[in-house]
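In what follows, a single structure is set out as structure tokens and then discussed.
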Number of protein chains: 4
Amino acid sequence: MNARIDLNADLGEGFGPWRMGDDAALLDIVTSANIACGFHAGDPDIMVETVIAARARGVAIGAHPGFFDLRGFGRNRVQETPKRIERDIAYQIGALQACAALAGARVTHVKAHGALANLSNAEPAVAEALARAVAGVDRSLILVVMPGLPAERAGERSGLTLAREIYADRAYAEDGTLAARTMPGAVIHDAGEAADRVVRMAGEGAVFTRGGRRIPVVIDTVCVHGDNPEAIAMARAVRTGLERTGYTLRPFAEI
Amino acid sequence: MNARIDLNADLGEGFGPWRMGDDAALLDIVTSANIACGFHAGDPDIMVETVIAARARGVAIGAHPGFFDLRGFGRNRVQETPKRIERDIAYQIGALQACAALAGARVTHVKAHGALANLSNAEPAVAEALARAVAGVDRSLILVVMPGLPAERAGERSGLTLAREIYADRAYAEDGTLAARTMPGAVIHDAGEAADRVVRMAGEGAVFTRGGRRIPVVIDTVCVHGDNPEAIAMARAVRTGLERTGYTLRPFAEI
Amino acid sequence: MNARIDLNADLGEGFGPWRMGDDAALLDIVTSANIACGFHAGDPDIMVETVIAARARGVAIGAHPGFFDLRGFGRNRVQETPKRIERDIAYQIGALQACAALAGARVTHVKAHGALANLSNAEPAVAEALARAVAGVDRSLILVVMPGLPAERAGERSGLTLAREIYADRAYAEDGTLAARTMPGAVIHDAGEAADRVVRMAGEGAVFTRGGRRIPVVIDTVCVHGDNPEAIAMARAVRTGLERTGYTLRPFAEI
Amino acid sequence: MNARIDLNADLGEGFGPWRMGDDAALLDIVTSANIACGFHAGDPDIMVETVIAARARGVAIGAHPGFFDLRGFGRNRVQETPKRIERDIAYQIGALQACAALAGARVTHVKAHGALANLSNAEPAVAEALARAVAGVDRSLILVVMPGLPAERAGERSGLTLAREIYADRAYAEDGTLAARTMPGAVIHDAGEAADRVVRMAGEGAVFTRGGRRIPVVIDTVCVHGDNPEAIAMARAVRTGLERTGYTLRPFAEI
């Protein structure tokens, strides 16, 4: 077996004097970093430092734009037109590109955060705004999407290169979206279970829904988290599980 | 006579629901626009709209980065290391580059705002940070500086193309800095006087100090303001004065 | 005839270097001011200055709390629990109380802004949060509400003194809410029409819906706006109309 | 021996999704809490939660106002007039008073944060602004000051009740200010040393300078920190040291 796969995580989600998660530990596990761009978290200093740390480990650098909502960590939906959302996203991508340039690095991909990501999978007009922002700033950027949902379709229509991701620690609803966190079993807490599940989904090229459905999808990357020690342990278990199965862990982007 | 000169002004200095100055009027007068980038003023929507308006009139598009100080409009000095200031500046330049890209336009220059501009002319380490940020993001960007001061020297050392500017409405101290606003005569309020003065400074290639000194400098651009109807009238008078003298008004940058 | 009525408007809706509307003109017309408290607009300096100006004219001082959304001017709904919304409101009321104390004045009422006001009339749990915040901070504060809607009911249950308001420039839907701005005729632009309408509603003690219904309500105050010269003219026309009809214009609160 | 003394610490210094320090541990040690009020840290939800936690342990509740500088954690000096600084401080005190009222508690004291505290001990006009803000909002509030410096004198002139504090972990310069952190020995890292030092200063009623001077002062409270596990351990050692010496640990305020 000679397959390759990517592990991605959100990083640089501090602001000013505050930090979130253990970025250093996570950067030793993942192959792609989605770096907050200052709207829901992140500031220029944290952004450059995170770029430097990612680059030093061969981790691909991506923009992680969110809504302009620092206090709410991008969980609040901004009531804007798609055109304004497009501009918010473009601004953030450009800001990270410049921060990366300072560090001699390059942004390879874009993944939406929080309420913006949710909205891009619920409202086609927002999905189009996301794709237009990425294509408008730099057509060589890869857009990370959940397969089978509006953002993927908008990305395809725009001609962008896409990376399809699955979640290591979340159950899927029957339509291929993530099951709401409030539902029993929606969040997977056991590292071994998460790792097994990722290996099976990657092997079968499908996501498994709570109801037992198997939805065939392309899988380029697996999303893991690093907010707390348990999450780091789970990320490590997922990586180890994939490596033992024979996967080569590599960024989906050329860096 | 076949000389050319540029008129520059700060634009897009609103935020959210608020606006400042009459950008539309000013865009019919100036040849280069310095667009606020979200730290002291400006947001992605205003930035893209300002880019579109500038582009439609053939006005060159520049980044106008400031300190992260919205409430104080960038007048508060941020107590950061030069390295962090460099990153703040780079972030803002990149953000505007992406906003410009959405509109099919290109950023040609950078001019620092408020306390950041003052500090770059008072502290060589900040001047170097400014030059490093510009060069680090895109060496083809032109840095706008006041001649004879630290930011010009840092720009020269960094090998950046520079545009030297004079102020239409401000008196100069003996060292070539702007006379403090609190000094009598520091701010010129009469449009005709400002226009005459600019024509003379441009013609002689020198700034005139309050004390009567004449400091020879290169003059590529003249800074005007648009905060109120009087400022707009003065900007128009300066333009008319230069045109009558035979100057061609053109951006210092190729656009 | 010896009836009294109040005219209220939102004031102090600038931030940092920005201003909105002509507060001085409006303060000569209205009898109660709803002052922004720093979350959607307003800062301590603007708040104290607005308190001073209101006090000098005998205009009652009220808190105008909104969601924590400066860029969106409080138009974005914050996705928070009612408990957190309650705390956001209390914070803002207390902040204005202290600003008023500095100026030797006193806050007499509270009126919610923007998305917070809308939500308090759409979701009973938010209406309860609003009433709890007001009662929790100071039971002597008067809560301004639209009659017939959830915020009024929550205020009644909490035992707060209420001031019921009608809008001078907005048409009403059949359920007593404001007709959506996107509907034809939803916003009244003619000053004379607005004045006539207010006089009739006040006289009959009822709001008139677009469909021709007449909903009997208590009317203590009329909301006018001051965002632009037309709005100021309309506010003045409404005041003149009420005065000619014999109303005494006075704050609903004792000041 | 029957002396009493207070231990104070800064709490509630998170924002939105971020937290700083171990407030729960610290609340078991100190007798007075200085709670961030939203300008350099803190938000209404964190403020109310911190009030509730403090109240449950009999810890006195104080306002900890800072400059409007979230990203810089109040370390940046805001270039404002004393009048505007006064208003910023009043706003924050009132905001916390309302948050405390929601929780059935009361604010007893005020202690300035970061650059605002430093400035109040360097510039008499800012010290006066601080005292005016406190007195203007509520004359029964106790102002926490470092003895022998401008804020103490301004507080005395204003007739406010004062609480004089010493620092457990900082060396003093010859003028009674804190030695700059950059000087060798300026920060005390050993918990036992800090405890011994506090016991001696409290016993002698004096601060000891680096140069060996002994400046007699009134000592009402000792400032400790909780940013990291070492700081918590030091705070606990200071408390234990004082208790063993016979001090009763109690808030300086009646709560």
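Residue names in the structure tokens use chain letters A, B, ... in the order shown, residue numbers from 1 in each chain, and ligand numbers from 1 in the order shown.
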What are the DSSP strand (DSSP E or B) residues of segment 93-181 of chain A, as a PyMOL selection string? chain A and resi 107-110+142-145+162-167+170+172+178
Closest atom pairs, residues of chain C within 10 Å of chain D, only C-alpha atoms, as a Markdown table:
| residue | atom | partner | partner_atom | distance |
| --- | --- | --- | --- | --- |
| C:Cys37 | CA | D:Tyr91 | CA | 9.2 |
| C:Gly38 | CA | D:Tyr91 | CA | 9.5 |
| C:Asp43 | CA | D:Asp88 | CA | 8.2 |
| C:Pro44 | CA | D:Arg87 | CA | 5.4 |
| C:Asp45 | CA | D:Arg84 | CA | 5.9 |
| C:Ile46 | CA | D:Arg87 | CA | 9.4 |
| C:Met47 | CA | D:Arg87 | CA | 8.7 |
| C:Val48 | CA | D:Arg87 | CA | 7.2 |
| C:Glu49 | CA | D:Arg87 | CA | 10.0 |
| C:Lys83 | CA | D:Asp45 | CA | 8.4 |
| C:Arg84 | CA | D:Asp45 | CA | 5.8 |
| C:Ile85 | CA | D:Asp45 | CA | 8.7 |
| C:Glu86 | CA | D:Leu102 | CA | 8.8 |
| C:Arg87 | CA | D:Pro44 | CA | 5.4 |
| C:Asp88 | CA | D:Pro44 | CA | 5.5 |
| C:Ile89 | CA | D:Pro44 | CA | 8.7 |
| C:Ala90 | CA | D:Ala98 | CA | 5.6 |
| C:Tyr91 | CA | D:Ala95 | CA | 4.4 |
| C:Gln92 | CA | D:Ala95 | CA | 6.2 |
| C:Ile93 | CA | D:Ala98 | CA | 7.1 |
| C:Gly94 | CA | D:Ala95 | CA | 4.5 |
| C:Ala95 | CA | D:Ala95 | CA | 4.3 |
| C:Leu96 | CA | D:Tyr91 | CA | 6.7 |
| C:Gln97 | CA | D:Gly94 | CA | 6.4 |
| C:Ala98 | CA | D:Gly94 | CA | 4.7 |
| C:Cys99 | CA | D:Tyr91 | CA | 5.8 |
| C:Ala100 | CA | D:Val137 | CA | 8.6 |
| C:Ala101 | CA | D:Val137 | CA | 5.5 |
| C:Leu102 | CA | D:Gly136 | CA | 5.0 |
| C:Ala103 | CA | D:Gly136 | CA | 8.2 |
| C:Gly104 | CA | D:Gly136 | CA | 8.2 |
| C:Arg132 | CA | D:Leu102 | CA | 8.4 |
| C:Ala133 | CA | D:Leu102 | CA | 7.1 |
| C:Val134 | CA | D:Leu102 | CA | 9.3 |
| C:Ala135 | CA | D:Leu102 | CA | 8.7 |
| C:Gly136 | CA | D:Leu102 | CA | 4.9 |
| C:Val137 | CA | D:Ala98 | CA | 5.3 |
| C:Asp138 | CA | D:Ala101 | CA | 8.4 |
Test item: residues at most 10 Å from Ala233 of chain A, only C-alpha atoms, excluding those fewer than 6 positions along its chain, as an mmCIF file with all heavy atoms, in the first residue's frame:
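Saved file result05.cif follows:
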data_model
loop_
_atom_site.group_PDB
_atom_site.id
_atom_site.type_symbol
_atom_site.label_atom_id
_atom_site.label_comp_id
_atom_site.auth_asym_id
_atom_site.auth_seq_id
_atom_site.Cartn_x
_atom_site.Cartn_y
_atom_site.Cartn_z
ATOM 1 N N ALA A 25 2.817 20.975 20.203
ATOM 2 C CA ALA A 25 2.557 19.531 20.181
ATOM 3 C C ALA A 25 1.823 19.146 18.896
ATOM 4 O O ALA A 25 2.139 18.136 18.253
ATOM 5 C CB ALA A 25 1.729 19.131 21.405
ATOM 6 N N LEU A 26 0.871 19.943 18.519
ATOM 7 C CA LEU A 26 0.048 19.628 17.356
ATOM 8 C C LEU A 26 0.875 19.674 16.069
ATOM 9 O O LEU A 26 0.667 18.875 15.147
ATOM 10 C CB LEU A 26 -1.106 20.632 17.293
ATOM 11 C CG LEU A 26 -2.416 20.192 16.679
ATOM 12 C CD1 LEU A 26 -2.863 18.840 17.197
ATOM 13 C CD2 LEU A 26 -3.481 21.235 16.958
ATOM 14 N N ILE A 29 2.397 16.606 14.883
ATOM 15 C CA ILE A 29 1.482 15.527 14.487
ATOM 16 C C ILE A 29 0.879 15.773 13.109
ATOM 17 O O ILE A 29 0.821 14.870 12.282
ATOM 18 C CB ILE A 29 0.343 15.405 15.539
ATOM 19 C CG1 ILE A 29 0.944 15.078 16.915
ATOM 20 C CG2 ILE A 29 -0.678 14.358 15.109
ATOM 21 C CD1 ILE A 29 -0.044 15.191 18.062
ATOM 22 N N ASP A 190 -13.086 9.004 22.663
ATOM 23 C CA ASP A 190 -12.065 7.983 22.843
ATOM 24 C C ASP A 190 -11.080 8.013 21.682
ATOM 25 O O ASP A 190 -11.458 7.897 20.508
ATOM 26 C CB ASP A 190 -12.733 6.605 22.940
ATOM 27 C CG ASP A 190 -11.728 5.524 23.210
ATOM 28 O OD1 ASP A 190 -11.270 5.410 24.363
ATOM 29 O OD2 ASP A 190 -11.367 4.808 22.239
ATOM 30 N N ALA A 191 -9.796 8.154 22.032
ATOM 31 C CA ALA A 191 -8.769 8.314 21.006
ATOM 32 C C ALA A 191 -8.690 7.066 20.113
ATOM 33 O O ALA A 191 -8.581 7.175 18.883
ATOM 34 C CB ALA A 191 -7.417 8.583 21.662
ATOM 35 N N GLY A 192 -8.767 5.896 20.721
ATOM 36 C CA GLY A 192 -8.669 4.661 19.939
ATOM 37 C C GLY A 192 -9.837 4.530 18.979
ATOM 38 O O GLY A 192 -9.657 4.166 17.798
ATOM 39 N N HIS A 225 -8.026 17.980 16.379
ATOM 40 C CA HIS A 225 -8.026 19.190 17.213
ATOM 41 C C HIS A 225 -6.901 19.158 18.239
ATOM 42 O O HIS A 225 -6.322 18.099 18.495
ATOM 43 C CB HIS A 225 -9.382 19.340 17.906
ATOM 44 C CG HIS A 225 -10.493 19.536 16.936
ATOM 45 N ND1 HIS A 225 -11.392 18.553 16.606
ATOM 46 C CD2 HIS A 225 -10.808 20.603 16.157
ATOM 47 C CE1 HIS A 225 -12.245 19.008 15.689
ATOM 48 N NE2 HIS A 225 -11.905 20.242 15.397
ATOM 49 N N GLY A 226 -6.652 20.318 18.827
ATOM 50 C CA GLY A 226 -5.563 20.384 19.802
ATOM 51 C C GLY A 226 -5.873 21.262 20.988
ATOM 52 O O GLY A 226 -4.982 21.798 21.620
ATOM 53 N N ARG A 239 -2.924 9.721 13.883
ATOM 54 C CA ARG A 239 -1.736 9.667 13.025
ATOM 55 C C ARG A 239 -1.102 8.269 13.076
ATOM 56 O O ARG A 239 -0.782 7.685 12.042
ATOM 57 C CB ARG A 239 -0.711 10.717 13.469
ATOM 58 C CG ARG A 239 0.554 10.618 12.641
ATOM 59 C CD ARG A 239 1.532 11.761 12.801
ATOM 60 N NE ARG A 239 2.640 11.490 11.875
ATOM 61 C CZ ARG A 239 3.099 12.348 10.981
ATOM 62 N NH1 ARG A 239 2.606 13.551 10.905
ATOM 63 N NH2 ARG A 239 4.078 11.987 10.174
#
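Atom to atom, atom CA of Arg77 of chain A and atom CA of Ala9 of chain A stand 21.9 Å apart.
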Would you pick out the contacts of segment 204-214 of chain A at 8 Å or less, using only C-alpha atoms, so that residues sharing its chain but fewer than 3 positions from it are not included, and give the list as a list of chain:residue names?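 With the cut-off at 8 Å, the set is A:Ile166, A:Ala171, A:Tyr172, A:Ala173, A:Glu174, A:Gly176, A:Ala179, A:Arg200, A:Met201, A:Val217, A:Val218, A:Ile219.
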For the residues in the current selection, export N, CA, C and O atoms as a CSV table (one decimal), in the first residue's frame.
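After the write, part.csv holds the following:
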chain,number,residue,atom,x,y,z
A,166,ILE,N,-12.4,14.8,6.3
A,166,ILE,CA,-13.3,14.1,7.2
A,166,ILE,C,-12.9,14.5,8.6
A,166,ILE,O,-11.8,15.0,8.9
A,171,ALA,N,-19.4,12.5,14.7
A,171,ALA,CA,-20.3,11.7,14.0
A,171,ALA,C,-21.0,12.4,12.9
A,171,ALA,O,-21.1,13.7,13.0
A,172,TYR,N,-21.4,11.7,11.9
A,172,TYR,CA,-22.1,12.3,10.7
A,172,TYR,C,-23.6,12.1,10.8
A,172,TYR,O,-24.0,11.0,11.1
A,173,ALA,N,-24.3,13.1,10.4
A,173,ALA,CA,-25.8,12.9,10.2
A,173,ALA,C,-26.0,12.3,8.8
A,173,ALA,O,-25.1,12.1,8.0
A,174,GLU,N,-27.2,11.9,8.6
A,174,GLU,CA,-27.6,11.2,7.4
A,174,GLU,C,-27.3,11.9,6.1
A,174,GLU,O,-27.1,11.3,5.0
A,176,GLY,N,-24.7,13.8,5.6
A,176,GLY,CA,-23.2,14.0,5.4
A,176,GLY,C,-22.7,15.2,6.1
A,176,GLY,O,-21.5,15.5,6.1
A,179,ALA,N,-23.2,15.7,12.8
A,179,ALA,CA,-24.3,15.6,13.7
A,179,ALA,C,-24.1,16.7,14.8
A,179,ALA,O,-23.0,17.0,15.2
A,200,ARG,N,-10.9,3.3,9.0
A,200,ARG,CA,-11.9,2.6,8.2
A,200,ARG,C,-12.5,3.6,7.2
A,200,ARG,O,-12.7,3.2,6.0
A,201,MET,N,-12.8,4.8,7.6
A,201,MET,CA,-13.3,5.7,6.6
A,201,MET,C,-12.3,6.0,5.4
A,201,MET,O,-12.7,6.0,4.3
A,217,VAL,N,-17.1,9.1,-0.5
A,217,VAL,CA,-16.5,10.4,-0.7
A,217,VAL,C,-15.0,10.3,-0.9
A,217,VAL,O,-14.4,9.3,-0.6
A,218,VAL,N,-14.5,11.3,-1.6
A,218,VAL,CA,-13.0,11.4,-1.7
A,218,VAL,C,-12.5,11.9,-0.3
A,218,VAL,O,-13.1,12.8,0.2
A,219,ILE,N,-11.4,11.4,0.2
A,219,ILE,CA,-10.9,11.9,1.4
A,219,ILE,C,-9.4,12.2,1.2
A,219,ILE,O,-8.6,11.4,1.0
For the helix (DSSP H, G or I) assignment from backbone DSSP, which residues of segment 107-228 of chain D qualify? Please present them as number ranges by chain. D: 114-120, 124-137, 150-158, 191-204
Convert the current residue selection to file output with C-alpha atoms, as an mmCIF file, in the first residue's frame.
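Written output follows (selection.cif):
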data_model
loop_
_atom_site.group_PDB
_atom_site.id
_atom_site.type_symbol
_atom_site.label_atom_id
_atom_site.label_comp_id
_atom_site.auth_asym_id
_atom_site.auth_seq_id
_atom_site.Cartn_x
_atom_site.Cartn_y
_atom_site.Cartn_z
ATOM 1 C CA GLY D 114 -1.089 48.017 33.783
ATOM 2 C CA ALA D 115 -0.134 51.161 31.893
ATOM 3 C CA LEU D 116 -2.959 53.065 33.579
ATOM 4 C CA ALA D 117 -1.609 52.163 37.018
ATOM 5 C CA ASN D 118 1.922 53.077 35.983
ATOM 6 C CA LEU D 119 0.798 56.375 34.544
ATOM 7 C CA SER D 120 -1.210 57.193 37.672
ATOM 8 C CA PRO D 124 -0.195 63.628 38.852
ATOM 9 C CA ALA D 125 -2.865 64.661 36.341
ATOM 10 C CA VAL D 126 -3.652 61.003 35.656
ATOM 11 C CA ALA D 127 -3.617 60.247 39.377
ATOM 12 C CA GLU D 128 -6.187 63.020 39.813
ATOM 13 C CA ALA D 129 -8.262 61.594 36.968
ATOM 14 C CA LEU D 130 -8.266 58.205 38.666
ATOM 15 C CA ALA D 131 -9.356 59.691 41.995
ATOM 16 C CA ARG D 132 -12.014 61.857 40.318
ATOM 17 C CA ALA D 133 -13.432 58.858 38.470
ATOM 18 C CA VAL D 134 -13.740 56.804 41.644
ATOM 19 C CA ALA D 135 -15.189 59.673 43.696
ATOM 20 C CA GLY D 136 -17.489 60.688 40.855
ATOM 21 C CA VAL D 137 -19.009 57.240 40.539
ATOM 22 C CA PRO D 150 1.066 60.283 43.133
ATOM 23 C CA ALA D 151 -2.054 58.081 43.146
ATOM 24 C CA GLU D 152 -1.961 57.964 46.948
ATOM 25 C CA ARG D 153 -1.680 61.740 47.168
ATOM 26 C CA ALA D 154 -4.518 62.252 44.691
ATOM 27 C CA GLY D 155 -6.658 59.813 46.640
ATOM 28 C CA GLU D 156 -5.934 61.618 49.887
ATOM 29 C CA ARG D 157 -6.805 64.993 48.397
ATOM 30 C CA SER D 158 -10.063 63.616 47.062
ATOM 31 C CA ALA D 191 7.932 31.547 47.111
ATOM 32 C CA GLY D 192 9.637 31.284 50.494
ATOM 33 C CA GLU D 193 11.657 34.434 49.914
ATOM 34 C CA ALA D 194 8.522 36.330 48.873
ATOM 35 C CA ALA D 195 6.648 35.127 51.963
ATOM 36 C CA ASP D 196 9.469 36.068 54.343
ATOM 37 C CA ARG D 197 9.815 39.449 52.735
ATOM 38 C CA VAL D 198 6.105 40.209 52.983
ATOM 39 C CA VAL D 199 6.043 39.182 56.656
ATOM 40 C CA ARG D 200 8.980 41.463 57.395
ATOM 41 C CA MET D 201 7.568 44.426 55.467
ATOM 42 C CA ALA D 202 4.177 44.004 57.141
ATOM 43 C CA GLY D 203 5.810 43.633 60.562
ATOM 44 C CA GLU D 204 7.969 46.704 60.184
#
As a list of chain:residue names, please: the residues near Ala163 of chain C (cut-off 8 Å, only C-alpha atoms, same-chain neighbours under 2 positions excluded).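 The residues satisfying every condition are C:Ile142, C:Leu143, C:Val144, C:Val145, C:Thr161, C:Glu165, C:Ile219, C:Asp220, C:Thr221, C:Phe252.
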Deliver the residues from the most recent selection as a file, using all heavy atoms, as a compact mmCIF listing (two decimals), in the first residue's frame.
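Writing done, so here's selection-v3.txt:
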# COMPACT_ATOMS: atom_id res chain seq x y z
N ILE C 142 -36.90 52.71 34.03
CA ILE C 142 -38.08 52.47 33.20
C ILE C 142 -37.65 51.76 31.93
O ILE C 142 -36.68 52.15 31.28
CB ILE C 142 -38.75 53.82 32.86
CG1 ILE C 142 -39.24 54.50 34.14
CG2 ILE C 142 -39.90 53.62 31.86
CD1 ILE C 142 -39.68 55.93 33.94
N LEU C 143 -38.35 50.70 31.57
CA LEU C 143 -38.02 49.95 30.36
C LEU C 143 -38.92 50.42 29.21
O LEU C 143 -40.14 50.40 29.33
CB LEU C 143 -38.22 48.45 30.61
CG LEU C 143 -37.95 47.52 29.43
CD1 LEU C 143 -36.51 47.62 28.95
CD2 LEU C 143 -38.28 46.07 29.81
N VAL C 144 -38.31 50.85 28.13
CA VAL C 144 -39.07 51.28 26.95
C VAL C 144 -39.36 50.06 26.08
O VAL C 144 -38.43 49.32 25.73
CB VAL C 144 -38.29 52.34 26.14
CG1 VAL C 144 -39.08 52.80 24.93
CG2 VAL C 144 -37.92 53.52 27.04
N VAL C 145 -40.62 49.86 25.73
CA VAL C 145 -41.01 48.68 24.95
C VAL C 145 -42.02 49.06 23.87
O VAL C 145 -42.68 50.10 23.95
CB VAL C 145 -41.67 47.61 25.85
CG1 VAL C 145 -40.68 47.06 26.87
CG2 VAL C 145 -42.90 48.18 26.55
N THR C 161 -41.49 49.54 35.77
CA THR C 161 -42.28 50.57 35.13
C THR C 161 -41.94 50.57 33.65
O THR C 161 -40.76 50.49 33.28
CB THR C 161 -41.96 51.95 35.73
OG1 THR C 161 -42.19 51.89 37.12
CG2 THR C 161 -42.83 53.04 35.10
N GLU C 165 -43.84 52.69 23.38
CA GLU C 165 -43.50 53.64 22.32
C GLU C 165 -44.09 53.24 20.97
O GLU C 165 -44.31 52.07 20.68
CB GLU C 165 -41.98 53.76 22.18
CG GLU C 165 -41.33 52.58 21.52
CD GLU C 165 -39.85 52.83 21.19
OE1 GLU C 165 -39.42 54.00 21.18
OE2 GLU C 165 -39.15 51.84 20.95
N ILE C 219 -49.71 54.64 24.76
CA ILE C 219 -48.60 55.33 24.09
C ILE C 219 -48.02 56.38 25.03
O ILE C 219 -48.67 57.36 25.36
CB ILE C 219 -49.08 56.00 22.78
CG1 ILE C 219 -49.61 54.93 21.81
CG2 ILE C 219 -47.94 56.79 22.13
CD1 ILE C 219 -50.22 55.50 20.53
N ASP C 220 -46.76 56.12 25.45
CA ASP C 220 -46.08 57.06 26.34
C ASP C 220 -45.04 57.90 25.61
O ASP C 220 -44.68 58.98 26.06
CB ASP C 220 -45.37 56.30 27.47
CG ASP C 220 -46.33 55.46 28.28
OD1 ASP C 220 -47.29 56.03 28.81
OD2 ASP C 220 -46.13 54.22 28.37
N THR C 221 -44.55 57.36 24.51
CA THR C 221 -43.43 58.02 23.85
C THR C 221 -43.42 57.68 22.37
O THR C 221 -43.93 56.64 21.95
CB THR C 221 -42.10 57.62 24.53
OG1 THR C 221 -41.03 58.29 23.87
CG2 THR C 221 -41.85 56.13 24.49
N PHE C 252 -41.06 60.89 29.91
CA PHE C 252 -41.94 59.99 30.68
C PHE C 252 -41.35 59.76 32.07
O PHE C 252 -42.06 59.39 32.98
CB PHE C 252 -42.17 58.67 29.93
CG PHE C 252 -40.93 57.99 29.45
CD1 PHE C 252 -40.11 57.29 30.31
CD2 PHE C 252 -40.57 58.05 28.10
CE1 PHE C 252 -38.97 56.67 29.87
CE2 PHE C 252 -39.43 57.43 27.64
CZ PHE C 252 -38.62 56.74 28.53
